[in-house]
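> Next up, my_file12.pdb (PDB, C-alpha atoms and all ligand atoms).
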```
ATOM      1  CA  MET G  21      -3.459 -18.661   8.815  1.00  0.00           C
ATOM      2  CA  LYS G  22      -1.991 -15.493  10.355  1.00  0.00           C
ATOM      3  CA  PHE G  23      -1.692 -11.956   9.023  1.00  0.00           C
ATOM      4  CA  TYR G  24       1.310  -9.930  10.264  1.00  0.00           C
ATOM      5  CA  ASP G  25       0.210  -6.322  10.206  1.00  0.00           C
ATOM      6  CA  SER G  26       1.520  -2.956  11.400  1.00  0.00           C
ATOM      7  CA  SER G  27      -1.327  -0.567  11.986  1.00  0.00           C
ATOM      8  CA  ALA G  28       0.321   2.735  11.005  1.00  0.00           C
ATOM      9  CA  ALA G  29       2.125   1.501   7.874  1.00  0.00           C
ATOM     10  CA  PRO G  30       0.694   1.738   4.339  1.00  0.00           C
ATOM     11  CA  SER G  31       1.793  -1.605   2.820  1.00  0.00           C
ATOM     12  CA  PRO G  32       0.090  -3.867   5.363  1.00  0.00           C
ATOM     13  CA  ARG G  33      -2.945  -1.593   5.206  1.00  0.00           C
ATOM     14  CA  ARG G  34      -3.252  -2.544   1.518  1.00  0.00           C
ATOM     15  CA  VAL G  35      -3.708  -6.152   2.617  1.00  0.00           C
ATOM     16  CA  ARG G  36      -5.848  -5.250   5.654  1.00  0.00           C
ATOM     17  CA  MET G  37      -8.351  -3.361   3.461  1.00  0.00           C
ATOM     18  CA  PHE G  38      -8.295  -6.178   0.905  1.00  0.00           C
ATOM     19  CA  ILE G  39      -9.109  -8.747   3.627  1.00  0.00           C
ATOM     20  CA  ALA G  40     -11.927  -6.534   4.940  1.00  0.00           C
ATOM     21  CA  GLU G  41     -13.418  -6.035   1.453  1.00  0.00           C
ATOM     22  CA  LYS G  42     -13.432  -9.835   1.051  1.00  0.00           C
ATOM     23  CA  GLY G  43     -15.316 -10.112   4.359  1.00  0.00           C
ATOM     24  CA  LEU G  44     -12.654 -12.409   5.851  1.00  0.00           C
ATOM     25  CA  ASP G  45     -11.737 -12.775   9.485  1.00  0.00           C
ATOM     26  CA  ILE G  46      -8.028 -13.679   9.756  1.00  0.00           C
ATOM     27  CA  GLU G  47      -6.016 -13.826  12.961  1.00  0.00           C
ATOM     28  CA  THR G  48      -3.879 -10.683  12.973  1.00  0.00           C
ATOM     29  CA  ILE G  49      -0.568 -10.101  14.734  1.00  0.00           C
ATOM     30  CA  GLU G  50       0.658  -6.540  15.204  1.00  0.00           C
ATOM     31  CA  VAL G  51       4.370  -6.016  14.425  1.00  0.00           C
ATOM     32  CA  ASP G  52       5.777  -2.892  16.080  1.00  0.00           C
ATOM     33  CA  ILE G  53       8.044  -1.655  13.290  1.00  0.00           C
ATOM     34  CA  ARG G  54       8.824   1.596  15.147  1.00  0.00           C
ATOM     35  CA  ALA G  55      10.354  -0.513  17.921  1.00  0.00           C
ATOM     36  CA  GLY G  56      12.281  -2.604  15.347  1.00  0.00           C
ATOM     37  CA  GLU G  57      10.352  -5.843  15.862  1.00  0.00           C
ATOM     38  CA  GLN G  58      10.757  -6.618  12.121  1.00  0.00           C
ATOM     39  CA  PHE G  59      14.485  -7.213  12.793  1.00  0.00           C
ATOM     40  CA  SER G  60      13.937  -9.823  15.528  1.00  0.00           C
ATOM     41  CA  ASP G  61      15.087 -13.376  14.881  1.00  0.00           C
ATOM     42  CA  ALA G  62      11.491 -14.581  15.175  1.00  0.00           C
ATOM     43  CA  PHE G  63      10.277 -12.199  12.460  1.00  0.00           C
ATOM     44  CA  ARG G  64      13.303 -12.782  10.205  1.00  0.00           C
ATOM     45  CA  ALA G  65      12.384 -16.467  10.257  1.00  0.00           C
ATOM     46  CA  LEU G  66       9.059 -15.472   8.654  1.00  0.00           C
ATOM     47  CA  ASN G  67      10.485 -12.858   6.299  1.00  0.00           C
ATOM     48  CA  PRO G  68      14.260 -12.385   5.940  1.00  0.00           C
ATOM     49  CA  LEU G  69      13.576  -9.077   4.141  1.00  0.00           C
ATOM     50  CA  CYS G  70      12.190  -7.704   7.440  1.00  0.00           C
ATOM     51  CA  THR G  71       9.047  -6.127   5.978  1.00  0.00           C
ATOM     52  CA  VAL G  72       5.331  -6.289   6.682  1.00  0.00           C
ATOM     53  CA  PRO G  73       2.845  -7.514   5.520  1.00  0.00           C
ATOM     54  CA  VAL G  74       3.338 -11.262   5.878  1.00  0.00           C
ATOM     55  CA  LEU G  75       0.653 -13.909   5.555  1.00  0.00           C
ATOM     56  CA  THR G  76       1.449 -17.353   6.923  1.00  0.00           C
ATOM     57  CA  LEU G  77      -0.660 -20.135   5.441  1.00  0.00           C
ATOM     58  CA  ASP G  78      -1.934 -23.295   7.085  1.00  0.00           C
ATOM     59  CA  ASN G  79       0.484 -25.373   4.957  1.00  0.00           C
ATOM     60  CA  GLY G  80       3.423 -23.539   6.577  1.00  0.00           C
ATOM     61  CA  GLN G  81       4.139 -21.265   3.581  1.00  0.00           C
ATOM     62  CA  HIS G  82       4.928 -17.571   4.181  1.00  0.00           C
ATOM     63  CA  LEU G  83       3.818 -14.901   1.731  1.00  0.00           C
ATOM     64  CA  THR G  84       6.031 -11.887   2.248  1.00  0.00           C
ATOM     65  CA  THR G  85       4.818  -9.117  -0.053  1.00  0.00           C
ATOM     66  CA  THR G  86       1.557  -7.270  -0.539  1.00  0.00           C
ATOM     67  CA  ASP G  87       1.315  -8.661  -4.062  1.00  0.00           C
ATOM     68  CA  GLY G  88       1.902 -12.252  -2.930  1.00  0.00           C
ATOM     69  CA  CYS G  89      -0.616 -12.006  -0.081  1.00  0.00           C
ATOM     70  CA  ARG G  90      -3.287 -10.463  -2.293  1.00  0.00           C
ATOM     71  CA  ALA G  91      -2.731 -12.877  -5.194  1.00  0.00           C
ATOM     72  CA  TRP G  92      -3.288 -15.807  -2.833  1.00  0.00           C
ATOM     73  CA  LEU G  93      -6.316 -14.196  -1.183  1.00  0.00           C
ATOM     74  CA  GLU G  94      -7.914 -13.426  -4.559  1.00  0.00           C
ATOM     75  CA  ALA G  95      -7.357 -16.963  -5.856  1.00  0.00           C
ATOM     76  CA  THR G  96      -8.636 -18.554  -2.641  1.00  0.00           C
ATOM     77  CA  TYR G  97     -11.542 -16.176  -1.978  1.00  0.00           C
ATOM     78  CA  PRO G  98     -12.577 -14.899  -5.412  1.00  0.00           C
ATOM     79  CA  ASP G  99     -15.663 -12.956  -4.249  1.00  0.00           C
ATOM     80  CA  PRO G 100     -15.830 -10.056  -4.475  1.00  0.00           C
ATOM     81  CA  PRO G 101     -13.156  -9.841  -7.188  1.00  0.00           C
ATOM     82  CA  LEU G 102     -10.648  -7.101  -6.386  1.00  0.00           C
ATOM     83  CA  LEU G 103      -7.990  -7.850  -9.035  1.00  0.00           C
ATOM     84  CA  GLY G 104     -10.337  -8.022 -12.048  1.00  0.00           C
ATOM     85  CA  ARG G 105     -13.159 -10.225 -13.381  1.00  0.00           C
ATOM     86  CA  THR G 106     -12.102 -10.816 -16.975  1.00  0.00           C
ATOM     87  CA  ALA G 107      -8.682 -11.250 -18.576  1.00  0.00           C
ATOM     88  CA  GLU G 108      -8.942  -7.679 -19.877  1.00  0.00           C
ATOM     89  CA  GLU G 109      -9.848  -6.286 -16.469  1.00  0.00           C
ATOM     90  CA  LYS G 110      -7.072  -8.270 -14.737  1.00  0.00           C
ATOM     91  CA  GLY G 111      -4.595  -6.726 -17.192  1.00  0.00           C
ATOM     92  CA  GLN G 112      -6.060  -3.262 -16.684  1.00  0.00           C
ATOM     93  CA  ILE G 113      -5.891  -3.515 -12.886  1.00  0.00           C
ATOM     94  CA  ALA G 114      -2.317  -4.873 -12.959  1.00  0.00           C
ATOM     95  CA  ASP G 115      -1.407  -1.803 -15.043  1.00  0.00           C
ATOM     96  CA  LEU G 116      -3.158   0.540 -12.603  1.00  0.00           C
ATOM     97  CA  LEU G 117      -1.481  -1.043  -9.584  1.00  0.00           C
ATOM     98  CA  HIS G 118       1.925  -0.673 -11.198  1.00  0.00           C
ATOM     99  CA  ILE G 119       1.271   2.976 -12.090  1.00  0.00           C
ATOM    100  CA  ILE G 120       0.111   3.719  -8.528  1.00  0.00           C
ATOM    101  CA  MET G 121       3.139   1.971  -7.018  1.00  0.00           C
ATOM    102  CA  PHE G 122       5.705   3.506  -9.348  1.00  0.00           C
ATOM    103  CA  ASN G 123       4.375   7.061  -9.330  1.00  0.00           C
ATOM    104  CA  GLY G 124       2.703   7.228  -5.918  1.00  0.00           C
ATOM    105  CA  GLN G 125       4.209   4.805  -3.415  1.00  0.00           C
ATOM    106  CA  GLN G 126       7.768   5.145  -4.687  1.00  0.00           C
ATOM    107  CA  ALA G 127       7.624   8.967  -4.750  1.00  0.00           C
ATOM    108  CA  ILE G 128       6.147   9.344  -1.283  1.00  0.00           C
ATOM    109  CA  SER G 129       8.465   6.736   0.251  1.00  0.00           C
ATOM    110  CA  GLU G 130      11.472   8.502  -1.245  1.00  0.00           C
ATOM    111  CA  ALA G 131      10.251  11.840   0.119  1.00  0.00           C
ATOM    112  CA  LEU G 132       9.748  10.494   3.645  1.00  0.00           C
ATOM    113  CA  ARG G 133      12.557   7.970   3.965  1.00  0.00           C
ATOM    114  CA  ASN G 134      15.127  10.502   2.815  1.00  0.00           C
ATOM    115  CA  SER G 135      14.009  13.306   5.123  1.00  0.00           C
ATOM    116  CA  MET G 136      12.502  12.055   8.394  1.00  0.00           C
ATOM    117  CA  GLU G 137      14.784  12.088  11.403  1.00  0.00           C
ATOM    118  CA  ALA G 138      13.186   8.864  12.624  1.00  0.00           C
ATOM    119  CA  MET G 139      14.300   7.225   9.336  1.00  0.00           C
ATOM    120  CA  ALA G 140      17.984   8.216   9.605  1.00  0.00           C
ATOM    121  CA  ASP G 141      20.022   5.513   7.799  1.00  0.00           C
ATOM    122  CA  ARG G 142      16.759   3.882   6.694  1.00  0.00           C
ATOM    123  CA  GLY G 143      16.705   5.380   3.168  1.00  0.00           C
ATOM    124  CA  ILE G 144      15.472   2.057   1.762  1.00  0.00           C
ATOM    125  CA  VAL G 145      13.201  -0.441   3.510  1.00  0.00           C
ATOM    126  CA  GLY G 146      14.659  -3.833   4.370  1.00  0.00           C
ATOM    127  CA  PRO G 147      17.349  -5.517   6.444  1.00  0.00           C
ATOM    128  CA  ASP G 148      20.232  -3.276   5.290  1.00  0.00           C
ATOM    129  CA  ASN G 149      20.824   0.355   6.206  1.00  0.00           C
ATOM    130  CA  TYR G 150      21.195   3.072   3.553  1.00  0.00           C
ATOM    131  CA  VAL G 151      21.982   6.735   4.160  1.00  0.00           C
ATOM    132  CA  GLN G 152      19.389   9.355   3.402  1.00  0.00           C
ATOM    133  CA  ILE G 153      19.878  11.397   0.222  1.00  0.00           C
ATOM    134  CA  PRO G 154      18.174  14.805   0.634  1.00  0.00           C
ATOM    135  CA  GLU G 155      17.892  15.289  -3.164  1.00  0.00           C
ATOM    136  CA  LEU G 156      15.779  12.135  -3.335  1.00  0.00           C
ATOM    137  CA  ALA G 157      13.394  13.605  -0.750  1.00  0.00           C
ATOM    138  CA  GLU G 158      13.009  16.712  -2.895  1.00  0.00           C
ATOM    139  CA  ARG G 159      12.506  14.675  -6.055  1.00  0.00           C
ATOM    140  CA  GLY G 160      10.002  12.436  -4.236  1.00  0.00           C
ATOM    141  CA  ARG G 161       7.905  15.453  -3.232  1.00  0.00           C
ATOM    142  CA  ALA G 162       7.875  16.715  -6.825  1.00  0.00           C
ATOM    143  CA  ARG G 163       6.903  13.276  -8.122  1.00  0.00           C
ATOM    144  CA  GLY G 164       4.249  12.940  -5.407  1.00  0.00           C
ATOM    145  CA  ALA G 165       2.596  16.182  -6.518  1.00  0.00           C
ATOM    146  CA  ARG G 166       2.582  14.938 -10.125  1.00  0.00           C
ATOM    147  CA  PHE G 167       1.082  11.647  -8.941  1.00  0.00           C
ATOM    148  CA  LEU G 168      -1.972  13.555  -7.706  1.00  0.00           C
ATOM    149  CA  ASP G 169      -2.333  15.280 -11.083  1.00  0.00           C
ATOM    150  CA  ARG G 170      -2.064  11.921 -12.834  1.00  0.00           C
ATOM    151  CA  LEU G 171      -4.568  10.309 -10.471  1.00  0.00           C
ATOM    152  CA  GLU G 172      -7.022  13.167 -11.055  1.00  0.00           C
ATOM    153  CA  THR G 173      -7.044  12.257 -14.754  1.00  0.00           C
ATOM    154  CA  MET G 174      -7.109   8.506 -14.096  1.00  0.00           C
ATOM    155  CA  ILE G 175     -10.262   8.871 -11.986  1.00  0.00           C
ATOM    156  CA  GLY G 176     -11.984  11.301 -14.364  1.00  0.00           C
ATOM    157  CA  ASP G 177     -15.744  11.000 -13.955  1.00  0.00           C
ATOM    158  CA  ARG G 178     -15.634   7.311 -12.996  1.00  0.00           C
ATOM    159  CA  GLU G 179     -17.082   6.022  -9.751  1.00  0.00           C
ATOM    160  CA  PHE G 180     -14.044   3.779  -9.248  1.00  0.00           C
ATOM    161  CA  ILE G 181     -10.565   3.952 -10.755  1.00  0.00           C
ATOM    162  CA  ALA G 182     -11.001   0.816 -12.908  1.00  0.00           C
ATOM    163  CA  GLY G 183     -14.571   1.730 -13.931  1.00  0.00           C
ATOM    164  CA  ASP G 184     -17.716   0.250 -12.453  1.00  0.00           C
ATOM    165  CA  ILE G 185     -16.394  -1.914  -9.608  1.00  0.00           C
ATOM    166  CA  PHE G 186     -14.314  -1.205  -6.518  1.00  0.00           C
ATOM    167  CA  THR G 187     -10.887  -2.850  -6.882  1.00  0.00           C
ATOM    168  CA  ALA G 188      -7.425  -3.024  -5.354  1.00  0.00           C
ATOM    169  CA  ALA G 189      -6.559   0.053  -7.466  1.00  0.00           C
ATOM    170  CA  ASP G 190      -8.966   2.084  -5.305  1.00  0.00           C
ATOM    171  CA  ILE G 191      -7.450   0.572  -2.146  1.00  0.00           C
ATOM    172  CA  ASP G 192      -3.882   1.434  -3.129  1.00  0.00           C
ATOM    173  CA  ALA G 193      -4.592   4.918  -4.471  1.00  0.00           C
ATOM    174  CA  PHE G 194      -6.670   5.737  -1.373  1.00  0.00           C
ATOM    175  CA  ILE G 195      -3.856   4.577   0.932  1.00  0.00           C
ATOM    176  CA  TYR G 196      -1.178   6.517  -0.950  1.00  0.00           C
ATOM    177  CA  VAL G 197      -3.232   9.733  -1.132  1.00  0.00           C
ATOM    178  CA  THR G 198      -3.618   9.390   2.657  1.00  0.00           C
ATOM    179  CA  PHE G 199       0.088   8.557   3.101  1.00  0.00           C
ATOM    180  CA  ALA G 200       1.110  11.565   0.952  1.00  0.00           C
ATOM    181  CA  LYS G 201      -0.213  13.872   3.680  1.00  0.00           C
ATOM    182  CA  TRP G 202       2.749  12.770   5.821  1.00  0.00           C
ATOM    183  CA  ALA G 203       4.936  14.423   3.175  1.00  0.00           C
ATOM    184  CA  GLU G 204       2.610  17.457   3.089  1.00  0.00           C
ATOM    185  CA  ILE G 205       1.359  16.531  -0.370  1.00  0.00           C
ATOM    186  CA  GLU G 206      -2.419  16.983  -0.475  1.00  0.00           C
ATOM    187  CA  PRO G 207      -5.078  17.287  -3.160  1.00  0.00           C
ATOM    188  CA  GLY G 208      -5.712  20.942  -4.064  1.00  0.00           C
ATOM    189  CA  PRO G 209      -8.902  22.724  -5.179  1.00  0.00           C
ATOM    190  CA  ALA G 210      -8.322  21.555  -8.779  1.00  0.00           C
ATOM    191  CA  HIS G 211      -8.366  17.883  -7.748  1.00  0.00           C
ATOM    192  CA  THR G 212     -12.155  17.638  -7.700  1.00  0.00           C
ATOM    193  CA  ASN G 213     -12.287  14.040  -8.976  1.00  0.00           C
ATOM    194  CA  ILE G 214      -9.837  12.867  -6.298  1.00  0.00           C
ATOM    195  CA  ARG G 215     -11.844  14.628  -3.570  1.00  0.00           C
ATOM    196  CA  ARG G 216     -15.160  13.054  -4.627  1.00  0.00           C
ATOM    197  CA  TRP G 217     -13.648   9.573  -5.018  1.00  0.00           C
ATOM    198  CA  TYR G 218     -11.534   9.879  -1.824  1.00  0.00           C
ATOM    199  CA  ASP G 219     -14.550  10.821   0.336  1.00  0.00           C
ATOM    200  CA  ALA G 220     -16.571   7.902  -1.097  1.00  0.00           C
ATOM    201  CA  THR G 221     -13.701   5.461  -0.436  1.00  0.00           C
ATOM    202  CA  ALA G 222     -13.144   6.817   3.078  1.00  0.00           C
ATOM    203  CA  ALA G 223     -16.816   6.065   3.856  1.00  0.00           C
ATOM    204  CA  ARG G 224     -16.332   2.316   3.208  1.00  0.00           C
ATOM    205  CA  PRO G 225     -16.085   0.225   6.403  1.00  0.00           C
ATOM    206  CA  SER G 226     -12.774  -1.271   5.180  1.00  0.00           C
ATOM    207  CA  ALA G 227     -11.204   2.220   5.152  1.00  0.00           C
ATOM    208  CA  ALA G 228     -11.792   2.643   8.861  1.00  0.00           C
ATOM    209  CA  LEU G 229      -9.421  -0.233   9.669  1.00  0.00           C
TER     210      LEU G 229
HETATM  211  N1  LIG G 301       7.153  -4.372  -1.422  1.00  0.00           N
HETATM  212  C1  LIG G 301       6.855  -4.623  -0.077  1.00  0.00           C
HETATM  213  C2  LIG G 301       7.111  -3.381   0.747  1.00  0.00           C
HETATM  214  C3  LIG G 301       6.696  -3.535   2.172  1.00  0.00           C
HETATM  215  C4  LIG G 301       7.115  -2.358   3.009  1.00  0.00           C
HETATM  216  O1  LIG G 301       7.765  -1.403   2.542  1.00  0.00           O
HETATM  217  N2  LIG G 301       6.735  -2.430   4.290  1.00  0.00           N
HETATM  218  C5  LIG G 301       7.119  -1.406   5.237  1.00  0.00           C
HETATM  219  C6  LIG G 301       5.895  -0.829   5.938  1.00  0.00           C
HETATM  220  S1  LIG G 301       4.942   0.108   4.783  1.00  0.00           S
HETATM  221  C7  LIG G 301       8.002  -2.043   6.309  1.00  0.00           C
HETATM  222  O2  LIG G 301       7.950  -3.233   6.523  1.00  0.00           O
HETATM  223  N3  LIG G 301       8.833  -1.229   6.947  1.00  0.00           N
HETATM  224  C8  LIG G 301       9.763  -1.696   7.923  1.00  0.00           C
HETATM  225  C9  LIG G 301      10.954  -0.775   8.061  1.00  0.00           C
HETATM  226  O3  LIG G 301      10.822   0.398   7.678  1.00  0.00           O
HETATM  227  O4  LIG G 301      11.962  -1.224   8.548  1.00  0.00           O
HETATM  228  C10 LIG G 301       5.396  -5.065   0.015  1.00  0.00           C
HETATM  229  O5  LIG G 301       4.549  -4.405  -0.594  1.00  0.00           O
HETATM  230  O6  LIG G 301       5.141  -6.019   0.700  1.00  0.00           O
END
```
Once more with this new file: its structure as structure tokens, please.

Amino acid sequence: MKFYDSSAAPSPRRVRMFIAEKGLDIETIEVDIRAGEQFSDAFRALNPLCTVPVLTLDNGQHLTTTDGCRAWLEATYPDPPLLGRTAEEKGQIADLLHIIMFNGQQAISEALRNSMEAMADRGIVGPDNYVQIPELAERGRARGARFLDRLETMIGDREFIAGDIFTAADIDAFIYVTFAKWAEIEPGPAHTNIRRWYDATAARPSAAL
């Protein structure tokens, strides 16, 4: 098994933290996406969509999205559970992950991909080029700020986002609050729940990776 990672990018970090929380040791290959290694023939053979993360399994199968990698990891290494223990919790965490992706990841990606000079013509991730749309960057920043307000309420006075256990929802929200800083979106003084929860998550060994 091999994990194709890219150390500065948020999506593979979602799998990297997941692997660390499971206590697994998986051979990791760094893909230099700034140098365009994701477009090489060798990488396209693993994932024609030219994105990281990728997990290659011992049976020759390639899992090419964060969701696919984590679904397989959870089913193969169920302890500790990160995608829910009961049917109800699995449903709840799937909801949370969707909300975090739609309101957090999508907003911040739009803000950055449509404004950064280094992302010129890379408005959407993947093998095809798309021009930047400055209005999308502006909208992304507005949505990103609202994401923090929404997350503040989602966390409330809970220790973890889903309740009493650490889950993939904490991993993803932690990574996107960190990623939002690239777009100059940061928790303010009113985001006291985010600050408490963020500091506790940052202290976990998996967050240092
Ligand atoms: N939905 C995909 C998205 C993966 C994704 O966007 N990966 C980014 C890094 S965070 C990437 O591969 N970027 C390469 C590029 O920008 O060309 C997943 O979660 O696996």
> Kindly indicate which residue among G:Gly176, G:Gly43, G:Pro73, G:Gly143 lies nearest to ligand LIG 301 (chain G), using only C-alpha atoms and all ligand atoms for the distances.
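The shortest atom-to-atom distance to ligand LIG 301 (chain G) comes from G:Pro73.
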> Between atom CA of Ile46 of chain G and atom CA of Ile195 of chain G, what is the spacing in Å?
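Going from atom CA of Ile195 of chain G over to atom CA of Ile46 of chain G, I get 20.7 Å.
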> From the list G:Pro154, G:Pro147, G:Pro207, G:Gly183, which residue is nearest Glu57 of chain G when using all atoms listed in the file?
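Among the listed residues, G:Pro147 lies closest to Glu57 of chain G.
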> Could you tell me which of G:Ala40, G:Met136, G:Ala222, G:Ile113 comes closest to ligand LIG 301 (chain G) if we count only C-alpha atoms and all ligand atoms?
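The answer is G:Met136, which sits nearest to ligand LIG 301 (chain G).
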> What is the atom CA of Leu229 of chain G-atom CA of Arg36 of chain G distance in Å, reported with one decimal?
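For atom CA of Leu229 of chain G relative to atom CA of Arg36 of chain G, the distance reads 7.4 Å.
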> To box ligand LIG 301 (chain G), take all atoms listed in the file, fit an axis-aligned box, add 8 Å on each side, and give centre and edge lengths in Å to one decimal, as AutoDock Vina command-line options.

```
--center_x 8.3 --center_y -2.8 --center_z 3.6 --size_x 23.4 --size_y 22.4 --size_z 26.0
```
> If we count all atoms listed in the file, what is near Met37 of chain G at a cut-off of 7 Å, once residues fewer than 4 positions away on the same chain are taken out, given as a PyMOL selection string?
chain G and resi 33+41+191+226-227
> Out of G:Asn67, G:Gln112, G:Thr173, G:Thr85, which residue has the shortest atom-to-atom distance to ligand LIG 301 (chain G) when counting all atoms listed in the file?
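Distance minimum relative to ligand LIG 301 (chain G) lands on G:Thr85.
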> Which residues fall under the PyMOL selection byres (((chain G and resi 216) around 12) and not hetatm) in this file, as a VMD selection string?
chain G and resid 172 175 to 181 194 207 209 to 215 217 to 223
> Keeping only C-alpha atoms, write those residues as a CSV table (one decimal), in the frame of the given file.

```csv
chain,number,residue,atom,x,y,z
G,172,GLU,CA,-7.0,13.2,-11.1
G,175,ILE,CA,-10.3,8.9,-12.0
G,176,GLY,CA,-12.0,11.3,-14.4
G,177,ASP,CA,-15.7,11.0,-14.0
G,178,ARG,CA,-15.6,7.3,-13.0
G,179,GLU,CA,-17.1,6.0,-9.8
G,180,PHE,CA,-14.0,3.8,-9.2
G,181,ILE,CA,-10.6,4.0,-10.8
G,194,PHE,CA,-6.7,5.7,-1.4
G,207,PRO,CA,-5.1,17.3,-3.2
G,209,PRO,CA,-8.9,22.7,-5.2
G,210,ALA,CA,-8.3,21.6,-8.8
G,211,HIS,CA,-8.4,17.9,-7.7
G,212,THR,CA,-12.2,17.6,-7.7
G,213,ASN,CA,-12.3,14.0,-9.0
G,214,ILE,CA,-9.8,12.9,-6.3
G,215,ARG,CA,-11.8,14.6,-3.6
G,217,TRP,CA,-13.6,9.6,-5.0
G,218,TYR,CA,-11.5,9.9,-1.8
G,219,ASP,CA,-14.6,10.8,0.3
G,220,ALA,CA,-16.6,7.9,-1.1
G,221,THR,CA,-13.7,5.5,-0.4
G,222,ALA,CA,-13.1,6.8,3.1
G,223,ALA,CA,-16.8,6.1,3.9
```
